[in-house]
file structure.txt (compact mmCIF, C-alpha atoms)
# COMPACT_ATOMS: atom_id res chain seq x y z
CA MET A 24 21.06 46.31 5.55
CA ALA A 25 21.61 49.79 7.02
CA ASP A 26 23.19 50.05 10.47
CA ARG A 27 20.20 51.91 11.83
CA GLU A 28 17.88 49.14 10.72
CA GLN A 29 20.16 46.52 12.19
CA LYS A 30 20.11 48.30 15.51
CA LYS A 31 16.36 48.57 15.45
CA LEU A 32 16.00 44.91 14.63
CA SER A 33 18.48 43.76 17.21
CA GLU A 34 16.85 45.88 19.92
CA ALA A 35 13.43 44.64 19.01
CA ALA A 36 14.47 41.02 18.97
CA GLY A 37 16.84 41.14 21.90
CA VAL A 38 19.94 39.89 20.12
CA ASN A 39 23.28 41.57 20.55
CA ARG A 40 25.14 43.25 17.75
CA ARG A 41 27.79 40.56 17.59
CA GLY A 42 25.11 37.95 17.16
CA LEU A 43 23.46 39.90 14.42
CA LEU A 44 26.68 40.46 12.53
CA LYS A 45 27.25 36.74 12.71
CA CYS A 46 23.83 36.24 11.19
CA VAL A 47 24.69 38.55 8.35
CA ALA A 48 27.97 36.71 7.80
CA TRP A 49 25.99 33.55 7.21
CA ALA A 50 23.85 35.19 4.54
CA GLY A 51 22.38 32.81 2.04
CA THR A 52 22.31 29.73 4.22
CA GLY A 53 19.07 30.00 6.17
CA VAL A 54 16.47 32.29 7.68
CA LEU A 55 16.38 32.93 11.42
CA TRP A 56 13.02 33.90 12.88
CA ASN A 57 12.66 35.08 16.40
CA VAL A 58 9.19 35.15 17.89
CA SER A 59 8.86 37.47 20.84
CA GLY A 60 5.47 37.92 22.48
CA GLY A 61 3.87 36.45 19.40
CA VAL A 62 5.62 38.86 17.06
CA PRO A 63 8.13 37.16 14.79
CA ARG A 64 10.96 39.19 13.36
CA SER A 65 13.34 38.16 10.69
CA LEU A 66 16.85 38.59 12.05
CA GLY A 67 18.53 37.83 8.75
CA LEU A 68 20.02 34.75 7.25
CA LEU A 69 21.75 32.19 9.34
CA GLY A 70 23.60 28.95 8.89
CA GLU A 71 23.85 25.84 10.97
CA ALA A 72 26.82 26.74 13.16
CA ALA A 73 25.29 30.02 14.30
CA ALA A 74 21.94 28.29 14.72
CA ALA A 75 23.54 25.77 17.02
CA GLU A 76 25.02 28.57 19.08
CA LYS A 77 21.63 30.22 19.48
CA GLN A 78 20.11 26.97 20.70
CA ALA A 79 22.18 26.77 23.87
CA GLY A 80 20.11 26.94 27.03
CA GLY A 81 16.55 26.57 25.76
CA LEU A 82 14.17 23.95 24.50
CA THR A 83 15.11 23.22 20.94
CA PHE A 84 13.06 21.12 18.63
CA LEU A 85 13.23 20.62 14.94
CA GLN A 86 10.58 20.56 12.25
CA ILE A 87 10.80 18.55 9.08
CA SER A 88 7.99 18.36 6.59
CA ASP A 89 6.75 17.03 3.30
CA SER A 90 9.34 14.32 2.78
CA HIS A 91 7.14 12.68 0.09
CA VAL A 92 9.02 9.39 0.33
CA GLY A 93 8.29 7.52 -2.90
CA PHE A 94 8.35 10.61 -5.10
CA ASP A 95 10.69 10.02 -8.05
CA LYS A 96 9.71 12.57 -10.68
CA PRO A 97 12.14 15.04 -12.31
CA ALA A 98 11.64 17.65 -9.56
CA ASN A 99 13.53 15.23 -7.29
CA PRO A 100 14.23 11.70 -8.53
CA ASN A 101 15.19 10.57 -5.03
CA ALA A 102 12.96 12.04 -2.33
CA LEU A 103 13.97 9.26 0.08
CA GLY A 104 17.60 10.28 -0.45
CA THR A 105 17.02 13.96 0.39
CA PHE A 106 15.00 12.89 3.44
CA GLN A 107 17.90 10.73 4.62
CA GLU A 108 20.21 13.69 4.00
CA ALA A 109 18.06 15.94 6.17
CA ILE A 110 18.17 13.29 8.91
CA ALA A 111 21.96 13.03 8.63
CA LYS A 112 22.15 16.82 9.04
CA ILE A 113 20.01 16.65 12.16
CA ASN A 114 22.27 13.93 13.58
CA ALA A 115 25.31 16.09 12.84
CA MET A 116 23.98 19.10 14.79
CA PRO A 117 26.40 20.05 17.57
CA THR A 118 23.47 20.69 19.93
CA PRO A 119 20.91 17.97 19.19
CA PRO A 120 17.27 19.11 19.31
CA ALA A 121 15.10 17.60 22.06
CA PHE A 122 12.69 16.03 19.60
CA ILE A 123 11.59 16.18 15.99
CA ILE A 124 8.22 17.03 14.52
CA HIS A 125 7.18 15.95 11.04
CA THR A 126 4.27 18.04 9.78
CA GLY A 127 2.98 15.58 7.22
CA ASP A 128 3.23 14.19 3.73
CA ILE A 129 5.71 11.67 5.02
CA THR A 130 4.93 9.58 1.93
CA HIS A 131 3.89 10.51 -1.57
CA LEU A 132 1.25 7.86 -2.32
CA SER A 133 0.35 6.33 1.09
CA LYS A 134 1.93 3.03 0.10
CA ASP A 135 3.05 0.49 2.67
CA LYS A 136 6.54 0.39 1.20
CA GLU A 137 6.81 4.19 1.34
CA PHE A 138 5.83 4.19 5.02
CA ASP A 139 8.37 1.39 5.62
CA ASP A 140 11.15 3.35 3.89
CA ALA A 141 10.28 6.54 5.78
CA ASP A 142 10.18 4.67 9.11
CA GLN A 143 13.52 3.09 8.35
CA ALA A 144 15.02 6.52 7.58
CA MET A 145 13.58 8.05 10.76
CA LYS A 146 14.98 5.19 12.85
CA ALA A 147 18.38 6.82 12.34
CA LEU A 148 17.18 9.69 14.55
CA LYS A 149 17.96 9.39 18.22
CA GLN A 150 15.01 11.57 19.19
CA THR A 151 11.30 10.96 19.33
CA VAL A 152 9.55 12.00 16.12
CA HIS A 153 6.04 13.42 16.54
CA VAL A 154 4.17 13.02 13.27
CA ILE A 155 0.92 14.20 11.77
CA PRO A 156 -0.41 13.09 8.38
CA GLY A 157 -0.60 15.12 5.21
CA GLU A 158 -3.24 14.41 2.57
CA HIS A 159 -0.64 12.29 0.74
CA ASP A 160 -0.46 10.02 3.81
CA VAL A 161 -4.19 9.26 3.86
CA ALA A 162 -4.68 8.78 0.11
CA ASP A 163 -5.04 4.99 0.36
CA ALA A 164 -8.38 3.49 -0.67
CA ASP A 165 -9.21 3.03 3.03
CA ASN A 166 -8.93 6.75 3.86
CA GLY A 167 -5.90 6.77 6.11
CA LYS A 168 -6.09 3.30 7.65
CA LEU A 169 -2.44 2.62 6.81
CA PHE A 170 -1.28 5.82 8.50
CA LEU A 171 -3.49 5.46 11.57
CA ASP A 172 -2.55 1.79 12.07
CA ARG A 173 1.09 2.88 12.17
CA TYR A 174 1.01 6.24 13.94
CA GLY A 175 -2.46 6.60 15.40
CA LYS A 176 -1.95 4.69 18.65
CA ASP A 177 -2.55 6.79 21.78
CA THR A 178 -4.20 9.55 19.77
CA HIS A 179 -7.75 10.90 19.78
CA GLY A 180 -10.34 10.75 17.00
CA LYS A 181 -8.55 10.55 13.68
CA GLY A 182 -5.07 10.99 15.07
CA TRP A 183 -4.99 14.29 16.95
CA TYR A 184 -3.03 14.55 20.19
CA THR A 185 -1.13 16.82 22.55
CA PHE A 186 2.13 16.64 24.44
CA ASP A 187 4.08 18.92 26.72
CA ALA A 188 7.76 19.76 26.65
CA GLY A 189 9.80 22.45 28.37
CA GLY A 190 6.72 24.29 29.57
CA VAL A 191 5.26 24.48 26.07
CA HIS A 192 1.93 22.80 25.28
CA PHE A 193 2.01 21.18 21.84
CA VAL A 194 -1.22 20.49 20.00
CA ALA A 195 -1.10 18.28 16.91
CA LEU A 196 -4.15 18.89 14.73
CA ILE A 197 -5.24 16.90 11.71
CA ASN A 198 -6.79 18.73 8.77
CA VAL A 199 -6.46 16.20 5.96
CA PHE A 200 -9.57 14.07 6.47
CA ASN A 201 -12.53 16.41 6.21
CA PHE A 202 -11.97 18.39 3.06
CA ALA A 203 -14.85 20.46 1.79
CA PRO A 204 -14.80 19.18 -1.80
CA GLY A 205 -14.86 22.06 -4.26
CA PHE A 206 -18.36 21.50 -5.64
CA LYS A 207 -19.29 24.96 -4.48
CA SER A 208 -16.10 26.03 -2.72
CA ALA A 209 -12.36 26.21 -3.15
CA GLY A 210 -11.88 22.80 -1.54
CA LEU A 211 -10.30 24.06 1.66
CA ALA A 212 -9.22 21.74 4.46
CA GLN A 213 -11.32 21.30 7.58
CA LEU A 214 -10.60 20.33 11.16
CA GLY A 215 -14.17 19.17 11.73
CA ASN A 216 -16.51 19.56 14.66
CA GLU A 217 -15.31 16.55 16.67
CA GLN A 218 -11.71 17.73 16.71
CA LEU A 219 -12.66 21.36 17.42
CA GLU A 220 -14.74 20.30 20.42
CA TRP A 221 -11.81 18.24 21.68
CA LEU A 222 -9.48 21.23 21.20
CA GLU A 223 -11.78 23.57 23.10
CA LYS A 224 -11.89 21.11 25.99
CA ASP A 225 -8.13 20.58 25.95
CA LEU A 226 -7.37 24.31 26.13
CA LYS A 227 -10.01 25.14 28.72
CA GLY A 228 -8.47 25.67 32.14
CA ARG A 229 -4.93 26.10 30.86
CA SER A 230 -3.16 29.25 31.94
CA ALA A 231 -3.06 31.95 29.29
CA SER A 232 0.66 32.27 29.91
CA THR A 233 1.32 28.73 28.66
CA PRO A 234 3.09 28.99 25.30
CA ILE A 235 1.20 26.96 22.73
CA VAL A 236 2.65 25.41 19.60
CA VAL A 237 0.10 24.07 17.13
CA LEU A 238 1.07 21.61 14.42
CA ALA A 239 -1.12 21.05 11.38
CA HIS A 240 -0.30 19.95 7.87
CA LEU A 241 -2.30 22.47 5.86
CA PRO A 242 -1.90 26.10 6.85
CA LEU A 243 -4.36 27.30 9.48
CA TRP A 244 -4.72 30.54 7.59
CA THR A 245 -5.78 30.94 4.00
CA ILE A 246 -2.66 31.51 1.96
CA TYR A 247 -4.21 30.98 -1.45
CA GLU A 248 -7.81 29.93 -1.74
CA PRO A 249 -7.84 28.98 -5.46
CA TRP A 250 -5.28 26.27 -4.66
CA GLY A 251 -7.06 25.19 -1.49
CA TRP A 252 -4.15 26.39 0.65
CA GLY A 253 -6.09 27.03 3.81
CA THR A 254 -8.38 25.54 6.46
CA GLU A 255 -12.03 26.58 6.35
CA ASP A 256 -12.87 26.18 10.04
CA ALA A 257 -9.49 27.33 11.38
CA PRO A 258 -11.03 30.59 12.70
CA ARG A 259 -12.92 28.51 15.29
CA ALA A 260 -9.67 26.89 16.47
CA LEU A 261 -7.94 30.26 16.58
CA GLY A 262 -10.85 31.59 18.62
CA TYR A 263 -10.01 29.05 21.34
CA LEU A 264 -6.33 30.01 21.11
CA LYS A 265 -6.56 33.79 21.08
CA ARG A 266 -6.49 34.27 24.88
CA PHE A 267 -3.02 32.69 25.06
CA GLY A 268 -0.05 35.03 25.13
CA SER A 269 2.10 33.08 22.72
CA VAL A 270 0.75 30.84 20.00
CA THR A 271 2.93 29.52 17.21
CA VAL A 272 1.39 27.57 14.36
CA LEU A 273 3.72 25.34 12.35
CA ASN A 274 2.45 24.01 9.05
CA GLY A 275 3.78 22.22 5.97
CA HIS A 276 1.97 21.44 2.73
CA ILE A 277 3.04 24.35 0.53
CA HIS A 278 6.79 23.53 0.38
CA GLN A 279 7.96 27.08 0.92
CA ILE A 280 8.34 29.56 3.73
CA GLN A 281 5.41 31.86 4.41
CA GLN A 282 4.67 33.62 7.65
CA LYS A 283 1.99 35.77 9.11
CA VAL A 284 1.21 37.33 12.49
CA GLU A 285 -2.27 37.89 13.85
CA GLY A 286 -2.43 39.22 17.40
CA ASN A 287 -0.46 36.82 19.56
CA VAL A 288 -0.57 34.10 16.94
CA SER A 289 2.23 33.62 14.46
CA PHE A 290 1.95 31.25 11.53
CA HIS A 291 4.81 29.60 9.69
CA THR A 292 4.96 27.15 6.85
CA ALA A 293 8.04 25.00 6.32
CA ARG A 294 10.03 23.94 3.34
CA SER A 295 9.88 20.37 2.08
CA THR A 296 12.76 17.93 2.25
CA ALA A 297 11.67 16.67 -1.19
CA PHE A 298 10.80 19.37 -3.75
CA PRO A 299 9.68 23.01 -3.95
CA GLN A 300 6.28 24.22 -5.12
CA PRO A 301 5.49 27.42 -7.01
CA ALA A 302 4.64 30.59 -5.10
CA PRO A 303 0.88 31.07 -4.64
CA GLY A 304 -0.77 31.98 -7.93
CA SER A 305 2.49 32.02 -9.88
CA ALA A 306 1.62 28.87 -11.86
CA PRO A 307 -1.62 27.40 -13.25
CA ALA A 308 -1.62 24.78 -10.49
CA PRO A 309 0.44 23.79 -7.47
CA GLY A 310 2.71 20.78 -7.75
CA PRO A 311 6.33 19.71 -7.86
CA MET A 312 8.49 22.47 -9.32
CA LYS A 313 11.60 21.51 -11.25
CA VAL A 314 14.60 23.68 -10.44
CA PRO A 315 18.12 23.23 -11.86
CA ASP A 316 19.75 20.23 -10.17
CA ASP A 317 22.45 22.33 -8.52
CA GLN A 318 19.76 24.52 -6.92
CA LEU A 319 17.51 21.79 -5.51
CA HIS A 320 19.20 21.66 -2.12
CA SER A 321 18.85 25.40 -1.66
CA VAL A 322 15.06 25.14 -1.72
CA LEU A 323 14.71 22.12 0.58
CA GLY A 324 15.11 22.42 4.29
CA VAL A 325 14.73 21.66 7.94
CA ARG A 326 13.56 24.01 10.68
CA THR A 327 14.91 24.38 14.19
CA VAL A 328 12.74 25.96 16.85
CA ASN A 329 14.30 27.20 20.03
CA TYR A 330 12.25 28.07 23.09
CA VAL A 331 13.93 29.98 25.89
CA ARG A 332 11.82 30.35 29.00
CA GLY A 333 11.42 33.95 30.09
CA LYS A 334 13.34 35.33 27.15
CA ASN A 335 12.41 35.37 23.51
CA PRO A 336 9.86 32.55 23.45
CA LEU A 337 10.64 31.02 20.09
CA ALA A 338 13.30 31.35 17.50
CA VAL A 339 12.39 29.66 14.26
CA ILE A 340 15.28 28.87 11.98
CA ASP A 341 14.96 27.46 8.50
CA THR A 342 18.04 25.79 7.15
CA PRO A 343 18.26 24.77 3.53
CA LEU A 344 19.61 21.27 2.95
CA GLY A 345 22.40 22.80 0.88
CA ALA A 346 23.72 24.84 3.80
CA MET B 5 -14.68 0.57 0.38
CA LEU B 6 -13.60 -2.99 -0.22
CA ASP B 7 -17.15 -4.29 -0.06
CA TRP B 8 -18.27 -1.83 -2.67
CA LYS B 9 -15.56 -2.95 -5.08
CA ILE B 10 -16.29 -6.63 -4.58
CA THR B 11 -19.97 -5.98 -5.12
CA ALA B 12 -19.17 -3.96 -8.21
CA ARG B 13 -17.08 -6.77 -9.67
CA LEU B 14 -19.68 -9.44 -8.92
CA THR B 15 -22.30 -7.26 -10.54
CA ALA B 16 -20.09 -6.91 -13.59
CA LEU B 17 -19.96 -10.70 -13.97
CA GLY B 18 -23.72 -11.01 -13.84
CA LEU B 19 -24.34 -7.84 -15.77
CA GLY B 20 -25.78 -9.18 -19.01
CA MET B 21 -28.33 -11.27 -17.21
CA ALA B 22 -29.29 -8.55 -14.76
CA LEU B 23 -29.75 -5.97 -17.50
CA ALA B 24 -31.66 -8.33 -19.72
CA ALA B 25 -34.07 -9.08 -16.90
CA ALA B 26 -34.45 -5.61 -15.41
CA ILE B 27 -34.03 -3.13 -18.24
CA PRO B 28 -34.06 -4.87 -21.60
CA GLU B 29 -34.27 -1.53 -23.45
CA ALA B 30 -30.85 -0.52 -22.08
CA LEU B 31 -29.01 -2.49 -24.78
CA PRO B 32 -30.74 -1.64 -28.04
CA SER B 33 -27.82 -2.43 -30.35
CA ARG B 34 -24.29 -3.79 -30.34
CA GLU B 35 -22.71 -0.34 -30.83
CA ALA B 36 -24.67 1.18 -28.01
CA ALA B 37 -23.78 -1.78 -25.83
CA ALA B 38 -20.08 -1.25 -26.48
CA ALA B 39 -20.35 2.49 -25.85
CA ALA B 40 -22.46 2.00 -22.76
CA ASN B 41 -20.09 -0.51 -21.24
CA ALA B 42 -16.94 1.58 -21.02
CA ALA B 43 -16.15 5.24 -20.62
CA ALA B 44 -13.00 7.12 -19.81
CA ILE B 45 -12.20 10.18 -17.75
CA ARG B 46 -8.81 11.74 -18.11
CA ILE B 47 -7.20 13.53 -15.20
CA ASP B 48 -5.12 16.28 -16.70
CA ASN B 49 -3.70 19.54 -15.40
CA PHE B 50 -5.66 19.25 -12.14
CA ASN B 51 -8.98 18.68 -13.91
CA PHE B 52 -11.30 15.75 -14.50
CA ALA B 53 -12.16 15.68 -18.19
CA PRO B 54 -14.98 15.58 -18.96
CA PRO B 55 -16.17 17.14 -15.70
CA THR B 56 -19.61 15.59 -16.16
CA LEU B 57 -20.04 12.22 -17.77
CA VAL B 58 -23.44 10.71 -18.54
CA VAL B 59 -23.56 6.94 -18.90
CA ALA B 60 -26.04 4.09 -18.97
CA PRO B 61 -26.28 1.70 -16.03
CA GLY B 62 -23.64 -1.00 -16.22
CA THR B 63 -20.93 1.27 -17.59
CA THR B 64 -17.42 0.85 -16.34
CA VAL B 65 -15.79 4.24 -16.00
CA THR B 66 -11.99 4.37 -15.98
CA TRP B 67 -10.06 7.37 -14.69
CA THR B 68 -6.46 7.72 -15.86
CA ASN B 69 -4.05 10.19 -14.32
CA ALA B 70 -2.04 12.11 -16.91
CA ASP B 71 -0.58 14.53 -14.34
CA ASP B 72 2.80 14.51 -12.66
CA SER B 73 0.96 14.92 -9.35
CA PRO B 74 -0.92 12.02 -7.80
CA HIS B 75 -4.70 12.22 -7.57
CA THR B 76 -7.52 10.19 -6.09
CA VAL B 77 -11.11 9.63 -7.15
CA ARG B 78 -13.43 9.76 -4.16
CA GLU B 79 -17.21 9.84 -4.18
CA LYS B 80 -18.34 12.60 -1.84
CA ASP B 81 -20.19 10.25 0.52
CA GLY B 82 -17.49 7.59 0.31
CA LYS B 83 -19.42 5.23 -2.00
CA PHE B 84 -16.14 4.55 -3.81
CA LYS B 85 -12.56 5.65 -3.57
CA SER B 86 -9.42 4.90 -5.49
CA ALA B 87 -6.01 4.58 -3.93
CA ALA B 88 -3.59 7.35 -4.85
CA LEU B 89 -3.07 7.29 -8.61
CA ASP B 90 0.44 8.08 -9.74
CA THR B 91 1.17 9.23 -13.29
CA ASP B 92 -0.53 6.86 -15.81
CA ASP B 93 -2.26 4.86 -13.07
CA SER B 94 -5.93 4.02 -13.63
CA PHE B 95 -8.94 3.33 -11.49
CA SER B 96 -12.15 1.70 -12.72
CA GLN B 97 -15.59 1.74 -11.23
CA ILE B 98 -18.74 0.12 -12.57
CA PHE B 99 -21.95 2.08 -12.21
CA THR B 100 -25.07 -0.04 -11.92
CA ALA B 101 -27.58 2.13 -10.05
CA PRO B 102 -28.98 5.23 -11.77
CA GLY B 103 -28.19 8.51 -10.02
CA GLU B 104 -25.68 11.30 -9.78
CA TYR B 105 -22.29 10.55 -8.33
CA GLU B 106 -20.26 13.61 -7.36
CA TYR B 107 -16.63 12.88 -6.72
CA PHE B 108 -13.42 14.77 -5.94
CA CYS B 109 -9.69 14.30 -5.51
CA SER B 110 -8.95 13.91 -1.81
CA ILE B 111 -5.43 15.25 -2.37
CA HIS B 112 -6.62 18.34 -4.28
CA PRO B 113 -10.23 18.75 -3.13
CA ARG B 114 -11.02 21.63 -5.45
CA MET B 115 -10.84 19.07 -8.30
CA VAL B 116 -14.39 17.79 -8.71
CA GLY B 117 -16.40 15.81 -11.24
CA LYS B 118 -19.71 14.07 -11.70
CA VAL B 119 -20.91 10.81 -13.20
CA VAL B 120 -24.59 10.75 -14.10
CA VAL B 121 -26.02 7.27 -14.54
CA LYS B 122 -29.28 7.29 -16.53
CA ALA B 123 -31.18 4.32 -17.93
CA GLY B 124 -30.94 4.34 -21.69
CA ALA B 125 -28.38 7.15 -21.77
CA LYS B 126 -25.98 7.25 -24.64
CA LEU B 127 -22.44 8.12 -23.67
CA SER B 128 -22.24 11.88 -23.48
CA SER B 129 -20.46 14.55 -21.58
CA ASN B 130 -20.47 18.25 -21.06

call {"tool": "encode", "arguments": {"input": "structure.txt", "output": "structure tokens"}}
result
Amino acid sequence: MADREQKKLSEAAGVNRRGLLKCVAWAGTGVLWNVSGGVPRSLGLLGEAAAAEKQAGGLTFLQISDSHVGFDKPANPNALGTFQEAIAKINAMPTPPAFIIHTGDITHLSKDKEFDDADQAMKALKQTVHVIPGEHDVADADNGKLFLDRYGKDTHGKGWYTFDAGGVHFVALINVFNFAPGFKSAGLAQLGNEQLEWLEKDLKGRSASTPIVVLAHLPLWTIYEPWGWGTEDAPRALGYLKRFGSVTVLNGHIHQIQQKVEGNVSFHTARSTAFPQPAPGSAPAPGPMKVPDDQLHSVLGVRTVNYVRGKNPLAVIDTPLGA
Amino acid sequence: MLDWKITARLTALGLGMALAAAIPEALPSREAAAAANAAAIRIDNFNFAPPTLVVAPGTTVTWTNADDSPHTVREKDGKFKSAALDTDDSFSQIFTAPGEYEYFCSIHPRMVGKVVVKAGAKLSSN
């Protein structure tokens, strides 16, 4: 990276030169994203130690996603094992995050045993884990009963809820129940009218300066329609969110990092702790992608989000499990 | 969901009698009876094959997942739904009432298929 570009980036993102050089020194171990006024900027690649340093003094929380506990195919014969590894890494962080969010596909096949194993693994975490389901978590014959019996207490409708932490309002949305089957469409996800009405009511009356973080399993923007990687009625939700100064949408589902900014809203998808998926359109269909064994850990990951009041609102850091 | 399956199984037990009483022309010969009683749909490469299956009432349709990814079979109005099918897992459903049953995979909702149940239909697909 040219010096001039570095300077521009560091000025724009409000990091000092020393900090940026440190980021560069950690090249290859993770991607640091800093979201300022709704505009995320990639600061370069960053590893765990530098990430921990950046976290000092703000609200830090961590996102894990798509653990697919129960998956045992060649792309990762031990998805429970890599999930446990991710958890061990979180527990080893020098500055522990305030809480953890899991953005869905906790299990692979919605089986009781898979939920038990995942719960057991997550018990090793000292922090609260806020979870939302992925479509793999509601694939039981009873359409999500297993998930909702376990995690749906104190939630609204089919599992949606909010919570507040460090001045940030978190909204956990569920978009894995009301799919528009692809009889005449691409089979995109839907939030559904009931949830959208609830969201509108929840946001009404909140100050536009409240930073909002939205969690949803499937992306709230259409990444790749032929694979159903999007949410059909997300524009209505984003309509309710657009008056807020800082909105960050954290998704899972696609097992790779993609980001987009639209006005004050930034969208991020997270890596999986289990297996990667092909880039949009680069394969005939989405699904587990086999990479050489020694490369698997470089494509799995956890994400740390740091919120500093009055400064750069959110820094989003993706750390591969191999870092 | 559960009720539907139990009903389906009970109907299967009493099938011969029910058909003989209600639609005697549905079982014109032994071959047709065998063909009409079982049909298979293969789930392969994110597709239901055949996408449309036409069967006679009383046919048990079995979906088998040949993919590495799990899939489900879910009727669009929730008349039936399988659990998640891992590789080589199967799900069977007996169709007694004539009509068109559109279904999809709730994990990959762009995957869709249709079972058409028609009195006197020979097993066919397109």

call {"tool": "interface_residues", "arguments": {"input": "structure.txt", "of": "chain B", "to": "chain A", "cutoff": "7 Å", "atoms": "all atoms listed in the file", "output": "mmCIF file with C-alpha atoms, in the coordinates of the input"}}
result
data_model
loop_
_atom_site.group_PDB
_atom_site.id
_atom_site.type_symbol
_atom_site.label_atom_id
_atom_site.label_comp_id
_atom_site.auth_asym_id
_atom_site.auth_seq_id
_atom_site.Cartn_x
_atom_site.Cartn_y
_atom_site.Cartn_z
ATOM 1 C CA MET B 5 -14.680 0.570 0.380
ATOM 2 C CA SER B 73 0.960 14.920 -9.350
ATOM 3 C CA THR B 76 -7.520 10.190 -6.090
ATOM 4 C CA LYS B 85 -12.560 5.650 -3.570
ATOM 5 C CA SER B 86 -9.420 4.900 -5.490
ATOM 6 C CA ALA B 87 -6.010 4.580 -3.930
ATOM 7 C CA ALA B 88 -3.590 7.350 -4.850
ATOM 8 C CA PHE B 108 -13.420 14.770 -5.940
ATOM 9 C CA SER B 110 -8.950 13.910 -1.810
ATOM 10 C CA ILE B 111 -5.430 15.250 -2.370
ATOM 11 C CA PRO B 113 -10.230 18.750 -3.130
ATOM 12 C CA ARG B 114 -11.020 21.630 -5.450
ATOM 13 C CA MET B 115 -10.840 19.070 -8.300
ATOM 14 C CA VAL B 116 -14.390 17.790 -8.710
#

call {"tool": "atom_distance", "arguments": {"input": "structure.txt", "atom1": "atom CA of Val77 of chain B", "atom2": "atom CA of Ser94 of chain B"}}
result
10.0 Å

call {"tool": "atom_distance", "arguments": {"input": "structure.txt", "atom1": "atom CA of Ile280 of chain A", "atom2": "atom CA of Ala109 of chain A"}}
result
16.9 Å

call {"tool": "atom_distance", "arguments": {"input": "structure.txt", "atom1": "atom CA of Gly228 of chain A", "atom2": "atom CA of Gly286 of chain A"}}
result
20.9 Å

call {"tool": "residues_near_point", "arguments": {"input": "structure.txt", "point": "(-29.2, 3.2, -22.2)", "cutoff": "6 Å", "atoms": "only C-alpha atoms", "output": "number ranges by chain"}}
result
B: 30, 60, 123-126

call {"tool": "residues_around", "arguments": {"input": "structure.txt", "residues": "Ile45 of chain B", "least_positions_apart": "4", "cutoff": "9 Å", "atoms": "all atoms listed in the file", "output": "number ranges by chain"}}
result
B: 52-55, 57, 65-69

call {"tool": "residues_around", "arguments": {"input": "structure.txt", "residues": "Met145 of chain A", "least_positions_apart": "3", "cutoff": "10 Å", "atoms": "all atoms listed in the file", "output": "VMD selection string"}}
result
chain A and resid 106 to 107 110 to 111 123 139 to 142 148 to 152
